[in-house]
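Here is the structure we will look at, set down as structure tokens.
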Amino acid sequence: MSQLTLFLLQYGFLLLLWIFVFVLIFALRADVFGGRVSKIPEPQASVTHPPADPSDPSAHTVAHGVAAPAAPATDTTATRILITAGPRQGLEIPLGSEPLTIGRSADSGLVIRDDYTSSHHARLVRYADQWMVQDLDSTNGTFHDGQRVSPNSPVAIRVGAPIKVGATTFELRK
């Protein structure tokens, strides 16, 4: 082999090693400091309808024999978190109105120290009288009632439905 070929191979290999080091550093940084967090949009003002005229007989009938859909149930009564499985099983935490971050980091509201939980794993947020769970782009994911929660779309939490973060399962209770 010529000297030029050996020179190019040596520096190509050195460049490849540096790229590997930078990729490793960025991966560790993302794990330690967490990823980007998307904000939940503010609720839009609801459309108000004028009150029905009590003398109008059509205001009291059901159209075509089909009842109007009920308004979605809001959960204003969840007041605590109960850990049902995992290392901290049996622990109860009162819920306020502030968001609650769940993860391995010491600055989380609910600290879960296991190998399957990210430093900032998930967040519980009160939104329009409903508790929502949002995955914070965790490695192993967050599950609500057996379904994986997408990092970009928070999911409304049902009271008593299991939420799994790492090796810990908890529920919102009244």
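Chain labels follow the order of the structure tokens: the first chain is A, the next B, and so on; residue numbering restarts at 1 in every chain, and ligands are counted from 1 in their shown order.
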List the spatial neighbours of Pro87 of chain A as a PyMOL selection string - criterion: any atom at most 12 Å away, only C-alpha atoms, same-chain residues fewer than 4 positions off excluded.
chain A and resi 83+91+111-115+165-170
With N, CA and C atoms retained, export the selected residues as a PDB file, in the first residue's frame.
```pdb
ATOM      1  N   ILE A  83     -49.715   3.857  44.486  1.00  0.00           N
ATOM      2  CA  ILE A  83     -48.812   2.958  43.771  1.00  0.00           C
ATOM      3  C   ILE A  83     -49.239   1.537  44.094  1.00  0.00           C
ATOM      4  N   LEU A  91     -47.569   3.197  48.540  1.00  0.00           N
ATOM      5  CA  LEU A  91     -47.362   4.622  48.782  1.00  0.00           C
ATOM      6  C   LEU A  91     -48.515   5.426  48.187  1.00  0.00           C
ATOM      7  N   VAL A 111     -40.413  10.345  42.584  1.00  0.00           N
ATOM      8  CA  VAL A 111     -39.129   9.760  42.210  1.00  0.00           C
ATOM      9  C   VAL A 111     -39.264   8.241  42.212  1.00  0.00           C
ATOM     10  N   ILE A 112     -38.974   7.632  41.060  1.00  0.00           N
ATOM     11  CA  ILE A 112     -39.002   6.179  40.911  1.00  0.00           C
ATOM     12  C   ILE A 112     -37.603   5.751  40.484  1.00  0.00           C
ATOM     13  N   ARG A 113     -36.932   5.044  41.345  1.00  0.00           N
ATOM     14  CA  ARG A 113     -35.563   4.630  41.058  1.00  0.00           C
ATOM     15  C   ARG A 113     -35.558   3.161  40.621  1.00  0.00           C
ATOM     16  N   ASP A 114     -35.640   2.956  39.329  1.00  0.00           N
ATOM     17  CA  ASP A 114     -35.439   1.626  38.776  1.00  0.00           C
ATOM     18  C   ASP A 114     -34.779   1.765  37.408  1.00  0.00           C
ATOM     19  N   ASP A 115     -34.280   0.664  36.876  1.00  0.00           N
ATOM     20  CA  ASP A 115     -33.523   0.698  35.625  1.00  0.00           C
ATOM     21  C   ASP A 115     -34.388   0.967  34.404  1.00  0.00           C
ATOM     22  N   VAL A 165     -45.171   3.087  34.618  1.00  0.00           N
ATOM     23  CA  VAL A 165     -43.956   3.840  34.344  1.00  0.00           C
ATOM     24  C   VAL A 165     -42.805   2.968  34.816  1.00  0.00           C
ATOM     25  N   GLY A 166     -42.009   2.454  33.896  1.00  0.00           N
ATOM     26  CA  GLY A 166     -40.931   1.552  34.266  1.00  0.00           C
ATOM     27  C   GLY A 166     -41.491   0.292  34.896  1.00  0.00           C
ATOM     28  N   ALA A 167     -40.994  -0.056  36.080  1.00  0.00           N
ATOM     29  CA  ALA A 167     -41.483  -1.241  36.789  1.00  0.00           C
ATOM     30  C   ALA A 167     -42.553  -0.895  37.814  1.00  0.00           C
ATOM     31  N   THR A 168     -43.032   0.342  37.808  1.00  0.00           N
ATOM     32  CA  THR A 168     -44.020   0.808  38.786  1.00  0.00           C
ATOM     33  C   THR A 168     -45.364   1.030  38.119  1.00  0.00           C
ATOM     34  N   THR A 169     -46.419   0.569  38.782  1.00  0.00           N
ATOM     35  CA  THR A 169     -47.784   0.797  38.325  1.00  0.00           C
ATOM     36  C   THR A 169     -48.519   1.573  39.396  1.00  0.00           C
ATOM     37  N   PHE A 170     -49.257   2.604  38.975  1.00  0.00           N
ATOM     38  CA  PHE A 170     -50.033   3.400  39.940  1.00  0.00           C
ATOM     39  C   PHE A 170     -51.381   3.743  39.325  1.00  0.00           C
TER      40      PHE A 170
END
```
Long-range neighbours of Leu100 of chain A as a PyMOL selection string, 9 Å cut-off, only C-alpha atoms, 3 positions minimum in chain
chain A and resi 95-97+108-110+122-125
Filtering to C-alpha atoms, could you give me those residues as a PDB file, in the first residue's frame?
```pdb
ATOM      1  CA  LEU A  95     -52.563  15.431  44.136  1.00  0.00           C
ATOM      2  CA  GLY A  96     -52.746  19.193  44.039  1.00  0.00           C
ATOM      3  CA  SER A  97     -53.494  21.266  40.973  1.00  0.00           C
ATOM      4  CA  SER A 108     -39.238  14.896  40.037  1.00  0.00           C
ATOM      5  CA  GLY A 109     -42.409  15.119  42.114  1.00  0.00           C
ATOM      6  CA  LEU A 110     -42.607  11.301  42.202  1.00  0.00           C
ATOM      7  CA  ALA A 122     -43.772  11.208  32.364  1.00  0.00           C
ATOM      8  CA  ARG A 123     -45.864  14.098  33.615  1.00  0.00           C
ATOM      9  CA  LEU A 124     -49.365  14.342  35.092  1.00  0.00           C
ATOM     10  CA  VAL A 125     -51.080  17.608  34.185  1.00  0.00           C
TER      11      VAL A 125
END
```
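Residues with any atom within 10 Å of Arg80 of chain A, counting only C-alpha atoms and excluding same-chain neighbours fewer than 3 positions away, are A:Thr77, A:Ile83, A:Glu92, A:Ile93, A:Pro94, A:Leu95, A:Gly96, A:Glu171, A:Leu172, A:Arg173, A:Lys174.
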Quote the spacing between atom CA of Thr139 of chain A and atom CA of Thr101 of chain A in Å to one decimal place.
15.7 Å
Tell me, which residues of segment 105-170 of chain A carry DSSP strand (DSSP E or B), written as a list in words?
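Output for segment 105-170 of chain A, strand (DSSP E or B) only: Leu110, Val111, Ala122, Arg123, Leu124, Val125, Arg126, Tyr127, Gln130, Trp131, Met132, Val133, Gln134, Asp135, Thr142, Phe143, His144, Gln147, Arg148, Val155, Ala156, Ile163, Lys164, Val165, Thr168, Thr169 and Phe170 of chain A.
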Atom CA of Gly141 of chain A to atom CA of Ala128 of chain A, straight-line distance in Å:
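It comes out at 24.6 Å.
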Calculated over only C-alpha atoms, which of the candidates A:Lys164, A:Ser105, A:Phe7, A:Gln130 has the smallest distance to Thr79 of chain A?
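Checking each candidate against Thr79 of chain A, we get A:Gln130 as the closest.
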